[in-house]
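**Student:** Dropping in structure_18.txt, which is compact mmCIF, C-alpha atoms:
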```txt
# COMPACT_ATOMS: atom_id res chain seq x y z
CA MET A 13 -82.05 -9.51 132.67
CA ALA A 14 -84.79 -11.30 134.62
CA GLU A 15 -84.31 -14.34 132.44
CA THR A 16 -80.53 -14.22 133.00
CA ASN A 17 -80.86 -13.97 136.81
CA HIS A 18 -83.42 -16.74 136.83
CA ASP A 19 -81.28 -18.94 134.61
CA GLN A 20 -78.17 -18.32 136.69
CA ALA A 21 -79.98 -19.24 139.90
CA LEU A 22 -81.47 -22.37 138.32
CA LEU A 23 -78.12 -23.36 136.86
CA ALA A 24 -76.41 -23.03 140.24
CA ARG A 25 -79.04 -25.24 141.86
CA ILE A 26 -78.76 -27.90 139.15
CA ARG A 27 -74.97 -27.92 139.49
CA ALA A 28 -75.37 -28.35 143.24
CA GLY A 29 -77.40 -31.50 142.58
CA ASP A 30 -80.78 -30.02 143.44
CA LYS A 31 -83.27 -32.35 141.76
CA SER A 32 -86.13 -29.91 142.21
CA ALA A 33 -84.17 -27.54 139.97
CA CYS A 34 -83.95 -30.25 137.28
CA ASP A 35 -87.70 -30.68 137.58
CA GLU A 36 -88.17 -26.92 137.24
CA CYS A 37 -85.94 -26.84 134.17
CA ILE A 38 -87.92 -29.63 132.53
CA GLN A 39 -91.22 -27.96 133.29
CA GLU A 40 -90.03 -24.72 131.76
CA HIS A 41 -88.36 -26.06 128.65
CA ALA A 42 -89.30 -29.65 127.82
CA ASP A 43 -92.40 -28.82 125.77
CA GLY A 44 -90.42 -26.43 123.60
CA VAL A 45 -87.58 -28.93 123.19
CA TYR A 46 -90.11 -31.61 122.26
CA ARG A 47 -91.79 -29.36 119.69
CA LEU A 48 -88.44 -28.54 118.09
CA ALA A 49 -87.54 -32.24 118.00
CA LEU A 50 -90.94 -33.11 116.54
CA ARG A 51 -90.57 -30.59 113.72
CA LEU A 52 -87.06 -31.72 112.93
CA MET A 53 -87.60 -35.49 113.16
CA ARG A 54 -91.15 -35.46 111.72
CA ASN A 55 -91.82 -38.52 113.86
CA GLU A 56 -93.25 -38.62 117.39
CA ALA A 57 -91.25 -41.58 118.68
CA GLU A 58 -87.96 -40.15 117.45
CA ALA A 59 -88.85 -36.72 118.80
CA GLU A 60 -89.35 -38.27 122.23
CA ASP A 61 -85.95 -39.96 121.95
CA VAL A 62 -84.29 -36.69 120.92
CA MET A 63 -85.90 -34.94 123.87
CA GLN A 64 -84.59 -37.65 126.23
CA ASP A 65 -81.13 -37.44 124.70
CA ALA A 66 -81.15 -33.66 125.00
CA PHE A 67 -82.01 -33.52 128.70
CA LEU A 68 -79.70 -36.39 129.61
CA SER A 69 -76.88 -34.70 127.75
CA ALA A 70 -77.71 -31.32 129.26
CA PHE A 71 -77.80 -32.45 132.88
CA ARG A 72 -74.73 -34.65 132.52
CA GLY A 73 -72.81 -31.85 130.84
CA ILE A 74 -74.16 -29.00 132.94
CA ASP A 75 -70.67 -28.00 134.04
CA LYS A 76 -69.75 -27.35 130.40
CA PHE A 77 -72.45 -24.72 130.01
CA ASP A 78 -70.74 -21.35 130.22
CA GLY A 79 -73.94 -19.40 130.88
CA ARG A 80 -73.31 -16.90 128.07
CA SER A 81 -76.56 -17.84 126.35
CA SER A 82 -79.89 -18.48 128.01
CA LEU A 83 -80.62 -21.95 129.35
CA ARG A 84 -83.36 -22.27 126.74
CA THR A 85 -80.97 -21.46 123.88
CA TRP A 86 -78.44 -23.98 125.21
CA LEU A 87 -81.08 -26.71 125.51
CA TYR A 88 -82.36 -26.03 122.01
CA ARG A 89 -78.80 -26.24 120.68
CA ILE A 90 -78.30 -29.63 122.34
CA ALA A 91 -81.66 -30.87 121.03
CA TYR A 92 -80.87 -29.62 117.53
CA ASN A 93 -77.50 -31.40 117.53
CA ALA A 94 -79.10 -34.59 118.86
CA ALA A 95 -81.72 -34.44 116.11
CA ILE A 96 -79.17 -33.82 113.38
CA MET A 97 -77.05 -36.79 114.51
CA ARG A 98 -80.07 -39.05 114.19
CA LEU A 99 -81.12 -37.54 110.87
CA ARG A 100 -77.67 -38.10 109.37
CA LYS A 101 -77.98 -41.82 110.12
CA ARG A 102 -81.19 -42.12 108.17
CA ARG A 103 -81.08 -43.18 104.59
CA PRO A 104 -81.45 -40.20 102.27
CA GLU A 105 -85.13 -39.65 101.65
CA LEU A 106 -86.44 -39.70 98.14
CA ILE A 107 -88.00 -36.32 97.74
CA SER A 108 -89.80 -34.97 94.75
CA LEU A 109 -87.79 -32.39 92.97
CA ASP A 110 -90.15 -29.56 92.29
CA GLU A 111 -87.55 -27.26 90.95
CA ALA A 112 -88.10 -23.83 92.45
CA LEU A 113 -86.77 -20.86 90.64
CA GLU A 114 -84.28 -18.98 92.75
CA GLN A 115 -82.39 -15.76 92.69
CA ALA A 116 -78.61 -15.99 92.52
CA ASP A 117 -78.48 -15.74 96.35
CA GLY A 118 -80.87 -18.69 96.76
CA THR A 119 -84.00 -16.67 97.60
CA PRO A 120 -86.97 -18.54 96.08
CA LEU A 121 -88.66 -16.58 93.30
CA PRO A 122 -92.44 -16.48 93.69
CA GLN A 123 -94.13 -18.31 90.86
CA ALA A 124 -97.79 -18.29 91.89
CA PHE A 125 -99.80 -15.11 92.29
CA PHE A 126 -103.34 -16.04 93.24
CA ASP A 127 -104.40 -13.68 96.03
CA TRP A 128 -105.84 -16.04 98.60
CA SER A 129 -105.19 -13.52 101.37
CA SER A 130 -108.56 -11.95 100.70
CA LEU A 131 -110.49 -15.20 101.15
CA PRO A 132 -113.09 -15.14 103.95
CA GLN A 133 -111.60 -15.91 107.35
CA ARG A 134 -113.79 -19.03 107.65
CA GLU A 135 -112.02 -20.45 104.57
CA LEU A 136 -108.57 -19.77 106.03
CA GLU A 137 -109.43 -21.25 109.41
CA LYS A 138 -110.51 -24.63 108.07
CA ALA A 139 -108.79 -27.72 109.43
CA GLU A 140 -107.70 -28.63 105.91
CA VAL A 141 -105.72 -25.40 105.67
CA ARG A 142 -104.03 -26.05 109.01
CA ASP A 143 -103.21 -29.58 107.84
CA GLU A 144 -101.70 -28.21 104.65
CA MET A 145 -99.63 -25.71 106.63
CA GLU A 146 -98.38 -28.55 108.86
CA ARG A 147 -97.45 -30.58 105.78
CA ALA A 148 -95.68 -27.60 104.24
CA ILE A 149 -93.64 -27.02 107.39
CA ARG A 150 -92.75 -30.70 107.48
CA ASP A 151 -91.56 -30.46 103.88
CA LEU A 152 -89.40 -27.38 104.42
CA PRO A 153 -85.75 -28.08 103.60
CA GLU A 154 -84.01 -29.05 106.83
CA ASN A 155 -81.75 -26.00 107.13
CA LEU A 156 -84.73 -23.67 106.70
CA ARG A 157 -86.99 -25.71 108.98
CA ALA A 158 -84.65 -25.50 111.98
CA VAL A 159 -84.46 -21.71 111.77
CA PHE A 160 -88.16 -21.40 111.08
CA VAL A 161 -89.20 -23.56 114.05
CA MET A 162 -86.89 -21.86 116.53
CA ARG A 163 -87.51 -18.30 115.37
CA GLU A 164 -91.17 -18.36 114.43
CA LEU A 165 -92.82 -21.20 116.32
CA GLU A 166 -90.70 -21.28 119.49
CA GLU A 167 -90.16 -17.51 119.34
CA LEU A 168 -86.47 -17.41 120.08
CA SER A 169 -84.91 -14.09 119.12
CA THR A 170 -82.74 -13.85 116.01
CA GLU A 171 -79.65 -13.79 118.24
CA GLU A 172 -80.78 -16.79 120.32
CA THR A 173 -81.57 -18.76 117.16
CA ALA A 174 -78.16 -17.88 115.73
CA ARG A 175 -76.42 -19.08 118.91
CA ALA A 176 -78.45 -22.27 119.08
CA LEU A 177 -77.60 -23.16 115.49
CA GLY A 178 -74.06 -21.81 115.37
CA ILE A 179 -74.79 -19.47 112.47
CA SER A 180 -74.81 -15.69 112.05
CA PRO A 181 -77.88 -13.57 112.79
CA GLU A 182 -77.83 -12.56 109.12
CA ALA A 183 -78.06 -16.22 108.12
CA VAL A 184 -81.02 -16.65 110.49
CA LYS A 185 -82.86 -13.76 108.86
CA THR A 186 -82.06 -14.97 105.35
CA ARG A 187 -83.19 -18.54 106.04
CA LEU A 188 -86.34 -17.37 107.81
CA HIS A 189 -87.26 -15.23 104.83
CA ARG A 190 -86.68 -18.13 102.45
CA ALA A 191 -88.79 -20.40 104.66
CA ARG A 192 -91.64 -17.89 104.61
CA LEU A 193 -91.51 -17.55 100.83
CA TRP A 194 -91.42 -21.32 100.49
CA LEU A 195 -94.48 -21.73 102.72
CA ARG A 196 -96.31 -18.95 100.88
CA GLU A 197 -95.68 -20.74 97.60
CA ARG A 198 -97.05 -23.98 99.02
CA LEU A 199 -100.19 -22.36 100.35
CA THR A 200 -100.75 -20.55 97.08
CA ALA A 201 -100.43 -23.85 95.21
CA TYR A 202 -102.91 -25.35 97.68
CA PHE A 203 -105.54 -22.63 97.29
CA THR A 204 -105.30 -22.05 93.56
CA PRO A 205 -107.13 -25.20 92.36
CA ARG A 206 -109.67 -24.91 95.16
CA VAL A 207 -110.98 -21.45 94.42
CA PRO A 208 -112.92 -20.96 91.20
CA GLU A 209 -111.83 -17.37 90.55
CA ALA A 210 -108.18 -18.40 90.76
CA ARG A 211 -108.65 -20.56 87.71
CA GLU A 212 -110.22 -17.79 85.60
CA MET B 10 -91.90 -12.33 88.75
CA THR B 11 -89.22 -11.20 86.40
CA HIS B 12 -88.95 -7.45 86.77
CA SER B 13 -85.58 -6.52 88.22
CA HIS B 14 -87.08 -4.03 90.70
CA CYS B 15 -89.43 -6.76 91.98
CA GLU B 16 -86.48 -9.08 92.50
CA GLU B 17 -84.48 -6.36 94.19
CA LEU B 18 -87.21 -5.80 96.75
CA LEU B 19 -87.99 -9.50 97.29
CA GLY B 20 -85.21 -10.03 99.81
CA SER B 21 -86.46 -7.16 101.97
CA LEU B 22 -90.07 -8.24 102.29
CA SER B 23 -89.66 -9.99 105.66
CA ASP B 24 -88.01 -6.91 107.12
CA TYR B 25 -90.91 -4.88 105.73
CA LEU B 26 -93.53 -7.20 107.26
CA ASP B 27 -91.70 -7.36 110.59
CA GLY B 28 -91.46 -3.58 110.84
CA GLU B 29 -87.68 -3.68 110.60
CA ALA B 30 -87.22 -1.95 107.26
CA SER B 31 -86.03 1.63 107.12
CA ALA B 32 -88.58 4.33 106.41
CA ARG B 33 -87.01 4.78 102.98
CA LEU B 34 -87.31 1.09 102.13
CA CYS B 35 -90.89 0.96 103.45
CA ALA B 36 -91.82 3.85 101.21
CA GLU B 37 -90.12 2.19 98.27
CA ILE B 38 -91.94 -1.13 98.78
CA THR B 39 -95.29 0.52 99.42
CA GLY B 40 -94.85 2.70 96.36
CA HIS B 41 -93.87 -0.28 94.22
CA MET B 42 -96.89 -2.32 95.37
CA ALA B 43 -99.19 0.47 94.25
CA SER B 44 -98.14 -0.18 90.68
CA CYS B 45 -97.17 -3.88 90.76
CA GLU B 46 -100.06 -6.22 91.39
CA ARG B 47 -97.85 -9.29 91.59
CA CYS B 48 -95.70 -7.79 94.33
CA ARG B 49 -98.82 -6.64 96.14
CA VAL B 50 -100.14 -10.21 96.07
CA VAL B 51 -96.81 -11.65 97.25
CA VAL B 52 -96.70 -9.25 100.21
CA ASP B 53 -100.33 -9.83 101.20
CA THR B 54 -100.13 -13.62 100.95
CA LEU B 55 -96.78 -13.63 102.75
CA ARG B 56 -98.32 -11.61 105.55
CA LYS B 57 -101.24 -14.02 105.73
CA THR B 58 -98.88 -17.02 105.72
CA VAL B 59 -97.16 -15.63 108.81
CA ILE B 60 -100.51 -15.08 110.55
CA LEU B 61 -101.69 -18.60 109.74
CA TYR B 62 -98.66 -20.46 111.02
CA HIS B 63 -98.68 -18.45 114.23
CA GLN B 64 -102.17 -19.83 114.81
CA LEU B 65 -101.08 -23.46 114.69
CA ALA B 66 -101.54 -25.59 117.80
CA ARG B 67 -98.51 -26.01 120.03
CA PRO B 68 -98.31 -29.65 121.12
CA VAL B 69 -96.95 -30.61 124.52
CA ILE B 70 -95.00 -33.70 125.45
CA PRO B 71 -97.17 -36.81 125.55
CA GLU B 72 -97.66 -37.88 129.15
CA GLN B 73 -95.92 -41.24 128.65
CA ALA B 74 -92.87 -39.51 127.21
CA ARG B 75 -92.77 -37.14 130.16
CA GLU B 76 -92.95 -40.04 132.61
CA ARG B 77 -90.19 -41.88 130.75
CA LEU B 78 -88.02 -38.77 130.91
CA TYR B 79 -88.53 -38.39 134.65
CA ARG B 80 -87.77 -42.08 135.24
CA THR B 81 -84.61 -41.89 133.13
CA LEU B 82 -83.42 -38.85 135.07
CA ASP B 83 -84.34 -40.39 138.44
CA LEU B 84 -86.83 -37.63 139.11
CA THR B 85 -89.94 -39.73 139.68
CA ASP B 86 -90.48 -38.04 143.04
CA TYR B 87 -91.34 -34.92 141.06
CA LEU B 88 -93.79 -36.50 138.64
CA ARG B 89 -97.20 -35.00 138.94
CA SER B 90 -100.26 -34.63 136.76
CA ARG B 91 -100.45 -31.53 134.64
```
Have the structure of the file written as structure tokens, please.

**Tutor:**
Amino acid sequence: MAETNHDQALLARIRAGDKSACDECIQEHADGVYRLALRLMRNEAEAEDVMQDAFLSAFRGIDKFDGRSSLRTWLYRIAYNAAIMRLRKRRPELISLDEALEQADGTPLPQAFFDWSSLPQRELEKAEVRDEMERAIRDLPENLRAVFVMRELEELSTEETARALGISPEAVKTRLHRARLWLRERLTAYFTPRVPEARE
Amino acid sequence: MTHSHCEELLGSLSDYLDGEASARLCAEITGHMASCERCRVVVDTLRKTVILYHQLARPVIPEQARERLYRTLDLTDYLRSR
């Protein structure tokens, strides 16, 4: 409720042409919008452009915002659409086709079972592991990545993520679960050749 | 992972990790893990995967991009150092 009252007050000020309200909106939400754009575009320059597009579009179209979702959800939706429009214009990327086994409903079937979860914390906190996680997130299929970034990294609720992406809450949960399994598989593939006991 | 019970439970593992599974389902998964090493490993590494990505750095907008945004929106009066 506090977020709703705050958003409504901010929205009213922006609509009235109060530039300080625009500044406030940017300060509250621009970093999150940028992070979403960065994860979707996988390119800093394009992420900056998407962020620009999103705020320009948002402030110009502020009268179209019905206020039923939070301001943050609305901004993320605009940023997501701006990113997708740019992505569609790119040439299709050549991606390696590591065929993942899937259940009939598309849930990836785990294929690697080395238990790296019990590795010492110092091993898991290495920069190389973080880099591999970043690469894995970058390589997530686009439809999973959008849900994953909004729900897990930007911490929107399931309902907010669903509204931002125009999908059902059930679809959000399903895609998030698939993204997690996908990332787990990547990390397992990363650790397995690096730990002697995994090869025994 | 080919056992049908393993595959049945696979789709529920996120609910289980997020504390959103019913008590009955929790008991079923916990009970299954006690006798299925592969499922136990999948759950533990999935849990760790979630912990690790929540620890990633959260970048902020580069300063030049922020300045460009403020100029584009005619808000330069509000530009200030972070």

**Student:** Tell me, counting only C-alpha atoms, for each residue of chain B within 6 Å of chain A, which pair of atoms is nearest and how far apart they are in Å to one decimal, in rows ordered by chain and increasing number, as JSON lines.

**Tutor:**
```
{"residue": "B:Ser23", "atom": "CA", "partner": "A:His189", "partner_atom": "CA", "distance": 5.8}
{"residue": "B:Val50", "atom": "CA", "partner": "A:Asp127", "partner_atom": "CA", "distance": 5.5}
{"residue": "B:Thr54", "atom": "CA", "partner": "A:Ser129", "partner_atom": "CA", "distance": 5.1}
{"residue": "B:Leu55", "atom": "CA", "partner": "A:Arg196", "partner_atom": "CA", "distance": 5.7}
{"residue": "B:Lys57", "atom": "CA", "partner": "A:Ser129", "partner_atom": "CA", "distance": 5.9}
{"residue": "B:Thr58", "atom": "CA", "partner": "A:Arg196", "partner_atom": "CA", "distance": 5.8}
{"residue": "B:Val69", "atom": "CA", "partner": "A:Asp43", "partner_atom": "CA", "distance": 5.0}
{"residue": "B:Ile70", "atom": "CA", "partner": "A:Asp43", "partner_atom": "CA", "distance": 5.5}
{"residue": "B:Leu78", "atom": "CA", "partner": "A:Gln64", "partner_atom": "CA", "distance": 5.9}
```

**Student:** Could you take the residues named above and write them with C-alpha atoms, as a JSON list (two decimals), in the coordinates of the input?

**Tutor:**
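Contents of out27.json, freshly written:
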```
[["chain", "number", "residue", "atom", "x", "y", "z"],
["B", 23, "SER", "CA", -89.66, -9.99, 105.66],
["B", 50, "VAL", "CA", -100.14, -10.21, 96.07],
["B", 54, "THR", "CA", -100.13, -13.62, 100.95],
["B", 55, "LEU", "CA", -96.78, -13.63, 102.75],
["B", 57, "LYS", "CA", -101.24, -14.02, 105.73],
["B", 58, "THR", "CA", -98.88, -17.02, 105.72],
["B", 69, "VAL", "CA", -96.95, -30.61, 124.52],
["B", 70, "ILE", "CA", -95.00, -33.70, 125.45],
["B", 78, "LEU", "CA", -88.02, -38.77, 130.91]]
```

**Student:** Between atom CA of Asp19 of chain A and atom CA of Ala66 of chain B, what is the distance, to one decimal in Å?

**Tutor:**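 Interatomic distance, atom CA of Asp19 of chain A to atom CA of Ala66 of chain B: 27.2 Å.
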
**Student:** Given the point (-90.7, -28.7, 109.0) in the coordinates of this file, which residues lie within 9 Å, counting only C-alpha atoms, and how would they look as an MDAnalysis selection string?

**Tutor:** chainID A and resid 50:54 146:154 156:158 160:161

**Student:** Counting all atoms listed in the file, note down every residue that has an atom within 10 Å of the point (-83.0, -23.4, 125.7) (file coordinates), as JSON, numbers by chain.

**Tutor:** {"A": [37, 40, 41, 42, 44, 45, 81, 82, 83, 84, 85, 86, 87, 88, 89, 90, 91, 168, 172, 173, 176]}

**Student:** Grab the residues selected above and save them as a compact mmCIF listing (two decimals), in the frame of the given file with C-alpha atoms.

**Tutor:**
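Contents of the output file again-v6.txt:
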```txt
# COMPACT_ATOMS: atom_id res chain seq x y z
CA CYS A 37 -85.94 -26.84 134.17
CA GLU A 40 -90.03 -24.72 131.76
CA HIS A 41 -88.36 -26.06 128.65
CA ALA A 42 -89.30 -29.65 127.82
CA GLY A 44 -90.42 -26.43 123.60
CA VAL A 45 -87.58 -28.93 123.19
CA SER A 81 -76.56 -17.84 126.35
CA SER A 82 -79.89 -18.48 128.01
CA LEU A 83 -80.62 -21.95 129.35
CA ARG A 84 -83.36 -22.27 126.74
CA THR A 85 -80.97 -21.46 123.88
CA TRP A 86 -78.44 -23.98 125.21
CA LEU A 87 -81.08 -26.71 125.51
CA TYR A 88 -82.36 -26.03 122.01
CA ARG A 89 -78.80 -26.24 120.68
CA ILE A 90 -78.30 -29.63 122.34
CA ALA A 91 -81.66 -30.87 121.03
CA LEU A 168 -86.47 -17.41 120.08
CA GLU A 172 -80.78 -16.79 120.32
CA THR A 173 -81.57 -18.76 117.16
CA ALA A 176 -78.45 -22.27 119.08
```

**Student:** Report, in Å with one decimal, the straight-line distance from atom CA of Gln73 of chain B to atom CA of Leu88 of chain B.

**Tutor:**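 Those two atoms sit 11.3 Å apart.
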
**Student:** For each of A:Ala70, A:Leu177, A:Val62, A:Val184, take the minimum atom-to-atom distance to Met97 of chain A, counting only C-alpha atoms, then give the residue where this is smallest.

**Tutor:**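 Ranked by minimum distance to Met97 of chain A, first place goes to A:Val62.
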
**Student:** Just the residues within 12 Å of Met42 of chain B, please, counting only C-alpha atoms, with nothing from its chain fewer than 2 positions along; format it as a list in words.

**Tutor:**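 Near Met42 of chain B, the qualifying residues are His14, Cys15, Leu18, Leu19, Leu22, Cys35, Ala36, Glu37, Ile38, Thr39, Gly40, Ser44, Cys45, Glu46, Arg47, Cys48, Arg49, Val50, Val51, Val52 and Asp53 of chain B.
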
**Student:** Tell me which of A:Arg27, A:Lys101, A:Lys138, A:His18 sits closest to Leu61 of chain B, counting only C-alpha atoms.

**Tutor:**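 Between A:Arg27, A:Lys101, A:Lys138, A:His18, the residue approaching Leu61 of chain B most closely is A:Lys138.
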
**Student:** Could you tell me how far atom CA of Ala95 of chain A lies from atom CA of Ala66 of chain A, in Å and to one decimal?

**Tutor:**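 According to the coordinates, atom CA of Ala95 of chain A and atom CA of Ala66 of chain A are separated by 8.9 Å.
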
**Student:** Find the residue from A:Ala116, A:Tyr202, A:Arg102, A:Ser180 that sits nearest to Glu17 of chain B; use all atoms listed in the file when measuring.

**Tutor:** A:Ala116
